[in-house]
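Source file: model01.cif; contents: mmCIF, C-alpha atoms.
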data_query
loop_
_atom_site.label_atom_id
_atom_site.label_comp_id
_atom_site.auth_asym_id
_atom_site.auth_seq_id
_atom_site.Cartn_x
_atom_site.Cartn_y
_atom_site.Cartn_z
CA MET A 1 -29.01 0.42 79.20
CA PRO A 2 -31.79 -1.18 81.29
CA ILE A 3 -34.05 -3.68 79.58
CA ASP A 4 -37.80 -3.04 79.91
CA LEU A 5 -39.10 -6.50 80.80
CA GLY A 6 -42.76 -5.47 80.46
CA PHE A 7 -42.08 -4.59 76.85
CA VAL A 8 -40.26 -7.88 76.31
CA ALA A 9 -43.38 -9.69 77.57
CA ARG A 10 -45.54 -7.69 75.14
CA ILE A 11 -43.45 -8.45 72.05
CA ALA A 12 -42.89 -12.11 72.97
CA PRO A 13 -46.16 -13.33 71.35
CA THR A 14 -45.28 -11.61 68.05
CA LEU A 15 -41.83 -13.15 68.10
CA ALA A 16 -43.33 -16.52 69.02
CA GLN A 17 -45.31 -16.34 65.77
CA GLY A 18 -42.07 -15.78 63.95
CA LEU A 19 -40.53 -18.66 65.87
CA ALA A 20 -43.23 -20.99 64.54
CA THR A 21 -42.30 -20.03 60.96
CA THR A 22 -38.59 -20.36 61.73
CA LEU A 23 -39.22 -23.89 63.03
CA ALA A 24 -41.44 -24.72 60.05
CA LEU A 25 -38.53 -23.73 57.82
CA ALA A 26 -35.60 -25.05 59.85
CA ILE A 27 -36.87 -28.56 60.63
CA PRO A 28 -37.70 -29.63 57.04
CA ALA A 29 -34.56 -27.84 55.80
CA ILE A 30 -32.31 -29.83 58.16
CA VAL A 31 -34.07 -33.16 57.47
CA LEU A 32 -34.12 -32.66 53.70
CA ALA A 33 -30.48 -31.48 53.60
CA ALA A 34 -29.41 -34.56 55.57
CA LEU A 35 -31.32 -36.72 53.06
CA TRP A 36 -30.08 -34.79 50.00
CA GLY A 37 -26.54 -35.31 51.24
CA VAL A 38 -26.92 -39.06 50.56
CA PRO A 39 -27.28 -39.00 46.74
CA VAL A 40 -24.66 -36.23 46.65
CA VAL A 41 -22.08 -38.28 48.55
CA ILE A 42 -22.88 -41.28 46.35
CA GLY A 43 -22.24 -39.04 43.34
CA LEU A 44 -19.01 -37.71 44.86
CA MET A 45 -17.69 -41.20 45.52
CA ALA A 46 -18.98 -42.68 42.25
CA ARG A 47 -16.47 -44.59 40.16
CA ALA A 48 -17.87 -43.16 36.91
CA ARG A 49 -15.75 -40.04 36.29
CA PRO A 50 -18.47 -37.87 34.67
CA VAL A 51 -20.76 -38.43 37.67
CA SER A 52 -18.15 -37.61 40.30
CA VAL A 53 -16.82 -34.59 38.37
CA LEU A 54 -20.33 -33.21 37.89
CA THR A 55 -21.23 -33.71 41.55
CA ALA A 56 -17.95 -32.19 42.71
CA THR A 57 -18.63 -29.16 40.49
CA TYR A 58 -22.05 -28.71 42.08
CA VAL A 59 -20.54 -28.97 45.56
CA GLU A 60 -17.78 -26.44 44.78
CA VAL A 61 -20.21 -23.95 43.20
CA VAL A 62 -22.68 -23.91 46.09
CA ARG A 63 -19.95 -23.92 48.72
CA ASN A 64 -18.22 -20.91 47.19
CA THR A 65 -21.28 -18.72 46.70
CA PRO A 66 -23.41 -17.09 49.42
CA VAL A 67 -26.67 -18.81 50.31
CA LEU A 68 -28.31 -15.37 50.13
CA VAL A 69 -27.45 -15.12 46.42
CA GLN A 70 -28.80 -18.64 45.90
CA MET A 71 -32.05 -17.63 47.60
CA PHE A 72 -32.38 -14.57 45.34
CA PHE A 73 -31.49 -16.67 42.29
CA ILE A 74 -34.24 -19.21 43.04
CA PHE A 75 -36.82 -16.69 44.29
CA PHE A 76 -36.55 -14.12 41.48
CA GLY A 77 -35.60 -16.71 38.86
CA SER A 78 -38.65 -18.86 39.48
CA GLY A 79 -40.87 -15.84 38.87
CA VAL A 80 -39.30 -15.10 35.50
CA VAL A 81 -39.72 -18.64 34.17
CA GLY A 82 -43.41 -18.54 35.09
CA TYR A 83 -43.40 -20.81 38.13
CA PRO A 84 -43.18 -18.26 40.94
CA LEU A 85 -42.15 -19.96 44.19
CA SER A 86 -43.14 -18.53 47.55
CA GLY A 87 -40.35 -16.99 49.60
CA PHE A 88 -40.68 -19.93 51.97
CA THR A 89 -40.16 -22.55 49.25
CA ALA A 90 -37.28 -20.63 47.69
CA ALA A 91 -35.56 -20.30 51.07
CA LEU A 92 -36.09 -23.99 51.82
CA LEU A 93 -34.67 -25.00 48.43
CA ALA A 94 -31.61 -22.77 48.77
CA LEU A 95 -30.88 -24.01 52.30
CA VAL A 96 -31.21 -27.66 51.24
CA LEU A 97 -29.08 -27.24 48.11
CA GLN A 98 -26.29 -25.41 49.94
CA ASN A 99 -26.21 -27.46 53.13
CA GLY A 100 -26.77 -30.76 51.36
CA ALA A 101 -23.41 -30.17 49.69
CA TYR A 102 -21.71 -29.47 53.03
CA ILE A 103 -23.39 -32.51 54.59
CA ALA A 104 -22.28 -34.72 51.69
CA GLU A 105 -18.69 -33.71 52.49
CA ILE A 106 -19.33 -34.55 56.15
CA TYR A 107 -20.65 -37.99 55.13
CA ARG A 108 -17.64 -38.54 52.91
CA GLY A 109 -15.28 -37.69 55.76
CA GLY A 110 -17.19 -40.08 58.02
CA ILE A 111 -17.00 -42.96 55.54
CA ARG A 112 -13.30 -42.30 54.90
CA SER A 113 -12.58 -42.29 58.63
CA VAL A 114 -13.66 -45.92 58.96
CA THR A 115 -10.52 -47.85 58.10
CA HIS A 116 -10.41 -50.12 55.10
CA ARG A 117 -9.64 -53.06 57.35
CA GLN A 118 -13.13 -52.98 58.78
CA ALA A 119 -14.65 -53.62 55.37
CA GLU A 120 -12.00 -56.24 54.63
CA ALA A 121 -12.82 -58.04 57.88
CA GLY A 122 -16.43 -58.17 56.69
CA LEU A 123 -15.39 -59.59 53.33
CA ALA A 124 -13.27 -62.20 55.10
CA LEU A 125 -16.37 -63.28 57.01
CA GLY A 126 -18.07 -63.88 53.68
CA LEU A 127 -20.19 -60.73 53.48
CA THR A 128 -20.84 -59.21 50.07
CA PRO A 129 -19.14 -55.79 49.61
CA ARG A 130 -22.56 -54.17 49.71
CA ARG A 131 -23.52 -55.81 52.99
CA ALA A 132 -20.11 -55.16 54.52
CA PHE A 133 -20.54 -51.49 53.71
CA ARG A 134 -24.08 -51.38 55.03
CA ILE A 135 -23.68 -53.23 58.32
CA ILE A 136 -20.03 -52.51 59.17
CA VAL A 137 -18.84 -49.24 57.64
CA LEU A 138 -22.05 -47.22 57.64
CA PRO A 139 -23.00 -47.58 61.34
CA GLN A 140 -19.50 -46.56 62.40
CA ALA A 141 -19.45 -43.65 59.97
CA PHE A 142 -22.86 -42.50 61.21
CA ARG A 143 -21.61 -42.34 64.77
CA LYS A 144 -18.65 -40.23 63.72
CA VAL A 145 -20.59 -37.65 61.71
CA ILE A 146 -23.13 -36.73 64.40
CA PRO A 147 -21.08 -33.86 65.93
CA SER A 148 -20.40 -32.33 62.50
CA LEU A 149 -24.06 -32.73 61.53
CA SER A 150 -24.97 -30.94 64.74
CA ASN A 151 -22.71 -28.02 63.83
CA GLN A 152 -24.15 -27.84 60.33
CA GLY A 153 -27.68 -27.92 61.74
CA VAL A 154 -26.90 -25.00 64.05
CA LEU A 155 -25.53 -23.03 61.08
CA MET A 156 -28.72 -23.86 59.16
CA ILE A 157 -30.96 -22.66 61.98
CA LYS A 158 -29.05 -19.37 61.93
CA ASP A 159 -29.24 -19.16 58.14
CA THR A 160 -33.04 -19.41 58.19
CA SER A 161 -32.86 -15.74 59.25
CA LEU A 162 -31.91 -14.90 55.65
CA ALA A 163 -35.41 -15.89 54.54
CA ALA A 164 -36.49 -12.56 56.07
CA THR A 165 -35.06 -10.85 52.97
CA ILE A 166 -37.51 -12.63 50.66
CA SER A 167 -40.42 -11.73 52.96
CA VAL A 168 -40.81 -14.94 54.92
CA ALA A 169 -42.36 -13.81 58.23
CA GLU A 170 -39.94 -15.71 60.48
CA LEU A 171 -38.26 -14.55 63.68
CA THR A 172 -35.87 -11.97 62.27
CA PHE A 173 -38.56 -10.57 59.95
CA GLN A 174 -40.96 -10.06 62.85
CA ALA A 175 -38.24 -8.49 64.96
CA ARG A 176 -37.39 -6.09 62.18
CA LEU A 177 -41.04 -5.07 61.81
CA LEU A 178 -41.18 -4.42 65.55
CA ALA A 179 -37.95 -2.42 65.38
CA ASP A 180 -39.38 -0.29 62.57
CA ARG A 181 -42.51 0.47 64.56
CA THR A 182 -41.12 1.05 68.04
CA ALA A 183 -38.04 2.66 69.46
CA ALA A 184 -37.28 -0.15 71.90
CA VAL A 185 -34.67 -1.76 69.70
CA PHE A 186 -32.54 -3.07 72.57
CA GLU A 187 -35.40 -5.11 74.00
CA ILE A 188 -36.32 -6.44 70.56
CA PHE A 189 -32.88 -7.61 69.50
CA PHE A 190 -32.05 -8.86 72.97
CA THR A 191 -35.19 -11.04 72.96
CA LEU A 192 -34.55 -12.09 69.38
CA ALA A 193 -31.03 -13.22 70.25
CA LEU A 194 -32.42 -15.17 73.22
CA PHE A 195 -34.88 -16.95 70.93
CA TYR A 196 -32.08 -18.04 68.61
CA LEU A 197 -29.82 -19.03 71.48
CA ALA A 198 -32.59 -21.18 72.95
CA LEU A 199 -33.35 -22.73 69.57
CA THR A 200 -29.75 -23.64 68.79
CA ALA A 201 -29.13 -24.84 72.35
CA VAL A 202 -32.14 -27.20 72.20
CA PHE A 203 -31.03 -28.53 68.82
CA ALA A 204 -27.41 -29.01 69.88
CA GLY A 205 -28.59 -30.69 73.09
CA ALA A 206 -30.80 -33.11 71.17
CA MET A 207 -27.92 -33.97 68.83
CA ARG A 208 -25.69 -34.53 71.84
CA LEU A 209 -28.23 -36.99 73.23
CA LEU A 210 -28.31 -38.77 69.87
CA GLU A 211 -24.52 -38.92 69.95
CA LEU A 212 -24.55 -40.49 73.41
CA ARG A 213 -27.26 -42.95 72.40
CA ALA A 214 -25.34 -43.99 69.30
CA ARG A 215 -22.15 -44.59 71.22
CA ILE A 216 -21.22 -48.15 71.98
CA ALA A 217 -19.97 -49.15 75.42
CA MET B 1 -28.53 -4.34 24.69
CA ASP B 2 -27.97 -7.40 26.81
CA PRO B 3 -28.65 -6.56 30.48
CA LEU B 4 -25.57 -8.46 31.57
CA VAL B 5 -23.19 -6.47 29.35
CA VAL B 6 -24.69 -3.16 30.46
CA SER B 7 -24.42 -4.03 34.13
CA LEU B 8 -20.90 -5.45 34.10
CA PRO B 9 -19.19 -2.22 35.24
CA LEU B 10 -21.66 -1.93 38.15
CA LEU B 11 -21.13 -5.55 39.12
CA ALA B 12 -17.37 -5.04 38.99
CA ARG B 13 -17.70 -2.13 41.37
CA GLY B 14 -19.85 -4.27 43.70
CA ALA B 15 -17.24 -7.03 43.52
CA ALA B 16 -14.53 -4.52 44.47
CA THR B 17 -16.57 -3.50 47.53
CA THR B 18 -17.05 -7.15 48.48
CA ALA B 19 -13.32 -7.78 48.06
CA TYR B 20 -12.52 -4.76 50.23
CA LEU B 21 -15.00 -5.75 52.97
CA SER B 22 -13.76 -9.35 52.88
CA ALA B 23 -10.09 -8.37 53.09
CA ALA B 24 -10.72 -6.02 56.01
CA ALA B 25 -12.92 -8.54 57.84
CA ILE B 26 -10.41 -11.36 57.28
CA VAL B 27 -7.55 -9.30 58.72
CA VAL B 28 -9.53 -8.14 61.76
CA SER B 29 -11.18 -11.51 62.48
CA THR B 30 -7.83 -13.31 62.18
CA ALA B 31 -6.25 -10.90 64.65
CA LEU B 32 -9.19 -11.38 67.04
CA GLY B 33 -9.06 -15.15 66.56
CA VAL B 34 -5.35 -15.44 67.37
CA PHE B 35 -5.69 -13.11 70.35
CA PHE B 36 -8.80 -14.80 71.78
CA ALA B 37 -7.39 -18.29 71.18
CA LEU B 38 -4.27 -17.41 73.17
CA ILE B 39 -6.37 -15.91 75.97
CA GLN B 40 -8.58 -18.95 76.05
CA LEU B 41 -5.57 -21.25 76.22
CA TYR B 42 -3.32 -19.34 78.56
CA GLY B 43 -5.43 -16.58 80.11
CA GLY B 44 -6.87 -16.32 83.61
CA LEU B 45 -10.25 -17.71 84.58
CA LEU B 46 -12.09 -14.39 84.21
CA PHE B 47 -10.89 -13.78 80.65
CA ARG B 48 -11.45 -17.40 79.69
CA THR B 49 -15.05 -17.17 80.89
CA LEU B 50 -15.59 -13.94 78.95
CA ILE B 51 -14.26 -15.51 75.75
CA GLU B 52 -16.38 -18.60 76.38
CA ALA B 53 -19.49 -16.40 76.69
CA TYR B 54 -18.61 -14.53 73.48
CA LEU B 55 -18.12 -17.80 71.59
CA TYR B 56 -21.42 -19.09 72.93
CA VAL B 57 -23.38 -16.04 71.78
CA VAL B 58 -21.83 -15.99 68.32
CA ARG B 59 -22.40 -19.72 67.91
CA GLY B 60 -26.09 -19.33 68.67
CA VAL B 61 -27.09 -16.01 67.09
CA PRO B 62 -27.30 -15.39 63.31
CA LEU B 63 -24.92 -12.89 61.73
CA LEU B 64 -27.93 -11.09 60.25
CA VAL B 65 -29.36 -10.51 63.73
CA LEU B 66 -26.04 -9.05 64.90
CA LEU B 67 -25.93 -6.78 61.84
CA PHE B 68 -29.50 -5.59 62.47
CA ALA B 69 -28.70 -5.05 66.14
CA MET B 70 -25.76 -2.87 65.11
CA TYR B 71 -27.79 -1.04 62.46
CA TYR B 72 -30.84 -0.32 64.62
CA ALA B 73 -29.47 -0.16 68.13
CA LEU B 74 -26.19 1.75 67.89
CA PRO B 75 -27.81 5.05 66.86
CA TYR B 76 -30.03 4.79 69.96
CA ALA B 77 -26.99 4.19 72.11
CA GLY B 78 -25.60 7.45 70.73
CA VAL B 79 -22.82 5.74 68.77
CA GLN B 80 -22.24 7.31 65.40
CA ILE B 81 -20.58 4.83 63.10
CA ASP B 82 -20.77 4.56 59.33
CA SER B 83 -22.26 1.33 58.10
CA VAL B 84 -19.09 0.22 56.27
CA THR B 85 -17.02 0.33 59.46
CA GLY B 86 -19.90 -1.09 61.48
CA GLY B 87 -20.39 -3.90 58.98
CA ILE B 88 -16.71 -4.79 58.99
CA LEU B 89 -16.63 -4.78 62.80
CA VAL B 90 -19.73 -6.96 63.20
CA ILE B 91 -18.60 -9.44 60.55
CA SER B 92 -15.14 -9.57 62.12
CA ALA B 93 -16.55 -10.11 65.59
CA TYR B 94 -18.77 -12.89 64.24
CA PHE B 95 -16.11 -14.74 62.27
CA GLY B 96 -13.54 -13.95 64.96
CA ALA B 97 -15.29 -16.69 66.96
CA PHE B 98 -14.75 -19.20 64.14
CA MET B 99 -11.14 -18.07 63.86
CA THR B 100 -10.70 -18.55 67.60
CA GLU B 101 -11.75 -22.19 67.23
CA VAL B 102 -9.40 -22.62 64.26
CA PHE B 103 -6.34 -21.29 66.07
CA ARG B 104 -7.16 -22.88 69.39
CA GLY B 105 -7.46 -26.27 67.73
CA ALA B 106 -4.20 -25.70 65.86
CA VAL B 107 -2.24 -24.76 69.01
CA LEU B 108 -3.69 -27.75 70.86
CA SER B 109 -2.60 -30.03 68.02
CA VAL B 110 1.06 -29.25 68.75
CA SER B 111 2.19 -31.95 71.17
CA THR B 112 3.23 -31.04 74.73
CA GLY B 113 6.60 -32.65 74.03
CA GLN B 114 7.44 -29.54 72.02
CA TRP B 115 7.00 -27.43 75.17
CA ASP B 116 9.25 -29.75 77.13
CA ALA B 117 11.85 -29.65 74.38
CA GLY B 118 11.75 -25.85 74.38
CA ARG B 119 12.21 -25.73 78.13
CA ALA B 120 15.02 -28.28 77.98
CA ILE B 121 17.05 -26.02 75.71
CA GLY B 122 16.40 -23.07 78.03
CA LEU B 123 13.86 -21.00 76.07
CA THR B 124 11.48 -18.71 77.95
CA THR B 125 7.75 -19.43 77.76
CA PRO B 126 6.91 -16.55 75.35
CA ARG B 127 9.75 -17.68 73.07
CA ILE B 128 8.61 -21.30 73.08
CA LEU B 129 5.12 -20.08 72.23
CA ALA B 130 6.28 -17.82 69.41
CA ASP B 131 9.17 -19.78 67.91
CA VAL B 132 8.18 -23.39 68.55
CA VAL B 133 4.45 -23.83 69.11
CA LEU B 134 2.82 -21.09 67.01
CA LYS B 135 5.02 -21.78 64.00
CA GLN B 136 3.89 -25.39 63.93
CA ALA B 137 0.32 -24.46 64.77
CA LEU B 138 0.15 -22.08 61.80
CA ARG B 139 0.83 -24.94 59.45
CA VAL B 140 -2.00 -27.03 60.92
CA ALA B 141 -4.33 -24.03 60.87
CA GLY B 142 -3.93 -23.56 57.08
CA PRO B 143 -6.87 -25.50 55.61
CA PRO B 144 -9.51 -24.61 58.25
CA PHE B 145 -8.30 -21.00 58.13
CA ILE B 146 -8.92 -20.81 54.38
CA ASN B 147 -12.34 -22.40 54.84
CA THR B 148 -13.21 -19.74 57.40
CA CYS B 149 -11.93 -17.01 55.05
CA ILE B 150 -14.32 -18.31 52.39
CA MET B 151 -17.14 -18.17 54.95
CA VAL B 152 -16.18 -14.54 55.57
CA VAL B 153 -16.41 -13.69 51.85
CA LYS B 154 -19.84 -15.32 51.68
CA GLY B 155 -20.85 -13.70 54.95
CA THR B 156 -20.16 -10.21 53.62
CA SER B 157 -23.17 -10.69 51.32
CA LEU B 158 -25.39 -9.96 54.32
CA VAL B 159 -24.33 -6.30 54.40
CA SER B 160 -26.50 -5.89 51.30
CA ILE B 161 -29.49 -6.20 53.65
CA ILE B 162 -28.43 -3.16 55.66
CA GLY B 163 -27.93 -1.19 52.47
CA LEU B 164 -24.23 -1.46 51.66
CA ALA B 165 -23.58 -1.55 47.92
CA ASP B 166 -21.67 -4.83 47.82
CA LEU B 167 -21.84 -7.41 45.03
CA THR B 168 -25.13 -8.94 46.23
CA TYR B 169 -26.76 -5.52 46.70
CA VAL B 170 -25.75 -4.35 43.23
CA GLY B 171 -26.96 -7.62 41.72
CA LYS B 172 -30.33 -7.34 43.39
CA ALA B 173 -30.74 -3.69 42.43
CA ILE B 174 -30.00 -4.53 38.77
CA VAL B 175 -32.42 -7.48 38.79
CA GLU B 176 -35.18 -5.24 40.12
CA ARG B 177 -34.75 -2.99 37.09
CA THR B 178 -33.87 -5.47 34.33
CA LEU B 179 -35.87 -8.53 35.39
CA ALA B 180 -33.00 -10.76 34.30
CA PRO B 181 -32.37 -12.76 37.50
CA PHE B 182 -30.62 -15.71 35.87
CA GLU B 183 -28.02 -13.66 34.00
CA ILE B 184 -27.38 -11.20 36.82
CA PHE B 185 -27.41 -13.55 39.82
CA GLY B 186 -25.50 -16.07 37.72
CA ALA B 187 -22.83 -13.42 37.14
CA VAL B 188 -22.90 -12.45 40.83
CA ALA B 189 -22.43 -16.08 41.85
CA PHE B 190 -19.61 -16.43 39.33
CA LEU B 191 -17.82 -13.37 40.77
CA TYR B 192 -18.10 -14.82 44.29
CA LEU B 193 -16.68 -18.08 42.94
CA VAL B 194 -13.73 -16.19 41.45
CA LEU B 195 -13.07 -14.35 44.73
CA CYS B 196 -13.22 -17.57 46.75
CA PHE B 197 -11.10 -19.41 44.20
CA LEU B 198 -8.41 -16.72 44.32
CA LEU B 199 -8.49 -16.92 48.09
CA SER B 200 -8.00 -20.69 48.18
CA GLN B 201 -5.16 -20.43 45.63
CA LEU B 202 -3.53 -17.83 47.84
CA GLY B 203 -4.05 -20.14 50.78
CA LYS B 204 -2.39 -23.03 48.96
CA ARG B 205 0.65 -20.90 48.14
CA LEU B 206 0.86 -19.75 51.73
CA GLU B 207 0.68 -23.35 52.88
CA THR B 208 3.56 -24.47 50.69
CA ARG B 209 5.52 -21.46 51.88
CA LEU B 210 4.89 -22.32 55.52
CA SER B 211 5.77 -25.98 55.04
CA TYR B 212 9.32 -24.92 54.12
CA VAL B 213 9.78 -23.13 57.43
CA ASN B 214 11.01 -26.20 59.17
#

Could you render the structure from this file as structure tokens?
Amino acid sequence: MPIDLGFVARIAPTLAQGLATTLALAIPAIVLAALWGVPVVIGLMARARPVSVLTATYVEVVRNTPVLVQMFFIFFGSGVVGYPLSGFTAALLALVLQNGAYIAEIYRGGIRSVTHRQAEAGLALGLTPRRAFRIIVLPQAFRKVIPSLSNQGVLMIKDTSLAATISVAELTFQARLLADRTAAVFEIFFTLALFYLALTAVFAGAMRLLELRARIA
Amino acid sequence: MDPLVVSLPLLARGAATTAYLSAAAIVVSTALGVFFALIQLYGGLLFRTLIEAYLYVVRGVPLLVLLFAMYYALPYAGVQIDSVTGGILVISAYFGAFMTEVFRGAVLSVSTGQWDAGRAIGLTTPRILADVVLKQALRVAGPPFINTCIMVVKGTSLVSIIGLADLTYVGKAIVERTLAPFEIFGAVAFLYLVLCFLLSQLGKRLETRLSYVN
């Protein structure tokens, strides 16, 4: 089926509006999830059993339930308790809670991948355990987790599309409105897919640059 | 009466639909994954490029967009397909890409020495692949395969958006009438947890089984 490029040009501005909302949701979601992963990984690796068990339970629960259900839970739940959240806030919260758990596991894998000897070498040089962790283990772990973080970020960008179901006017929402009003569904979904492909490609490219920058000779 | 108690039979039916969709999608996406992984590893340039393009699109486009594309566009293309079959196919095609990565990585993890050993004892290439390489690869593929299966179960929740009465759809429909989001979505989440837990238990048993094939 031929694609009507004139029509694509006409719907592009509407989709661009949606793109702005998608970005406004995706960027804080990725940053906050990366930050939220830090206390979670500290909890996971905590020596105090109750803390680590509780954190592990949280991680298992969010990782084994759909983010869509979590969005509904937060969105409709917040209304019932009298603090109605906007669809945008509910989507942001759900994305951060779910992906923060995944990212915490990524951090844990990164920290584990740095051998124990590295920290011991630091201790032998007279560093405190805290400093050895901070200036020897952490920088190496950071370098190792960048590719996995990139993957998780791409998944998050794609998952922002779910916010359309709680009436956040992002890309997919706008595309669906267009599809309901016109019959040119091929053009609409083709353009929509291109928008997402471009978005994820730019993000993955930026993360790749970061990875190269972080690499040592 | 408590909204949760009243809606339990409905939720159970939704869970059954989710289990059915998940099982079908896992079977189809696994088959696609194994097939595509083998093509990507051993196929000709043309097929490898096609698979590469497919992986690229799936990696960059949300599952929801693919489901909408199927839902809105197929009728225009003159394809009549019921939304259950369509949903299973789209979900399988989407997670088939993840499965491809899982199996490709697993096959690559088997050292090339195994190939040489197979040749040295006079096995043909297909037999080395089947009896030597794939058997070992399957064992490596276990954990990431189960993770991907869990992603499939969670991914099926998106069919609720195109109107299939799965667990998420039923939960949302009940909440709209009972205004008890915590109880109902809590129960929905719990049922997903149970499904995923059963799946990982099954995976663990399969893994121990496979580790005896030595």

Practice problem: Enumerate, as a list in words, the residues matched when the PyMOL selection byres ((chain B) within 6 of (chain A)) is run on the file above. | Solution: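 Applied to this file, the PyMOL selection byres ((chain B) within 6 of (chain A)) selects Gly60, Val61, Pro62, Ala69, Ala73, Lys154, Pro181, Phe182, Phe185, Ala189, Tyr192 and Leu193 of chain B.
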
Quiz item: Which is closer to B:Arg59 than all the others in A:Gln174, A:Ser150, A:Thr182, A:Ser52, using all atoms listed in the file?
Solution: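 Ranking A:Gln174, A:Ser150, A:Thr182, A:Ser52 by distance to B:Arg59, first place goes to A:Ser150.
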
Self-check item: From B:Glu207, B:Glu183, B:Glu52, B:Glu176, residue lying nearest B:Arg139 [only C-alpha atoms]
Solution: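 Ranked by minimum distance to B:Arg139, first place goes to B:Glu207.
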
Exercise. Using all atoms listed in the file, give me every residue within 12 Å of (-3.9, -15.9, 69.2) in file coordinates, as an MDAnalysis selection string.
Key: chainID B and resid 29:43 96:97 99:108 129:130 133:135 137:138 141

Quiz prompt | Nearest to A:Leu149, chosen from A:Val41, A:Ala124, A:Leu15, A:Leu210, with all atoms listed in the file counted in the distances | solution =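 Among the listed residues, A:Leu210 lies closest to A:Leu149.
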
Final N, CA and C atoms of stretch 49-60 of chain B as an mmCIF file, keeping the file's coordinate frame:
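The new file out-v8.cif reads:
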data_model
loop_
_atom_site.group_PDB
_atom_site.id
_atom_site.type_symbol
_atom_site.label_atom_id
_atom_site.label_comp_id
_atom_site.auth_asym_id
_atom_site.auth_seq_id
_atom_site.Cartn_x
_atom_site.Cartn_y
_atom_site.Cartn_z
ATOM 1 N N THR B 49 -13.597 -17.124 80.814
ATOM 2 C CA THR B 49 -15.050 -17.170 80.890
ATOM 3 C C THR B 49 -15.667 -16.166 79.928
ATOM 4 N N LEU B 50 -15.075 -14.960 79.861
ATOM 5 C CA LEU B 50 -15.590 -13.940 78.950
ATOM 6 C C LEU B 50 -15.535 -14.425 77.503
ATOM 7 N N ILE B 51 -14.404 -15.008 77.106
ATOM 8 C CA ILE B 51 -14.260 -15.510 75.750
ATOM 9 C C ILE B 51 -15.265 -16.626 75.490
ATOM 10 N N GLU B 52 -15.427 -17.490 76.497
ATOM 11 C CA GLU B 52 -16.380 -18.600 76.380
ATOM 12 C C GLU B 52 -17.786 -18.052 76.113
ATOM 13 N N ALA B 53 -18.168 -16.995 76.852
ATOM 14 C CA ALA B 53 -19.490 -16.400 76.690
ATOM 15 C C ALA B 53 -19.634 -15.802 75.278
ATOM 16 N N TYR B 54 -18.599 -15.129 74.826
ATOM 17 C CA TYR B 54 -18.610 -14.530 73.480
ATOM 18 C C TYR B 54 -18.770 -15.608 72.414
ATOM 19 N N LEU B 55 -18.008 -16.708 72.558
ATOM 20 C CA LEU B 55 -18.120 -17.800 71.590
ATOM 21 C C LEU B 55 -19.523 -18.385 71.600
ATOM 22 N N TYR B 56 -20.099 -18.490 72.800
ATOM 23 C CA TYR B 56 -21.420 -19.090 72.930
ATOM 24 C C TYR B 56 -22.468 -18.238 72.213
ATOM 25 N N VAL B 57 -22.391 -16.930 72.406
ATOM 26 C CA VAL B 57 -23.380 -16.040 71.780
ATOM 27 C C VAL B 57 -23.238 -16.098 70.262
ATOM 28 N N VAL B 58 -22.020 -16.007 69.769
ATOM 29 C CA VAL B 58 -21.830 -15.990 68.320
ATOM 30 C C VAL B 58 -22.255 -17.327 67.707
ATOM 31 N N ARG B 59 -22.021 -18.423 68.436
ATOM 32 C CA ARG B 59 -22.400 -19.720 67.910
ATOM 33 C C ARG B 59 -23.916 -19.833 67.776
ATOM 34 N N GLY B 60 -24.650 -19.136 68.641
ATOM 35 C CA GLY B 60 -26.090 -19.330 68.670
ATOM 36 C C GLY B 60 -26.923 -18.238 68.017
#
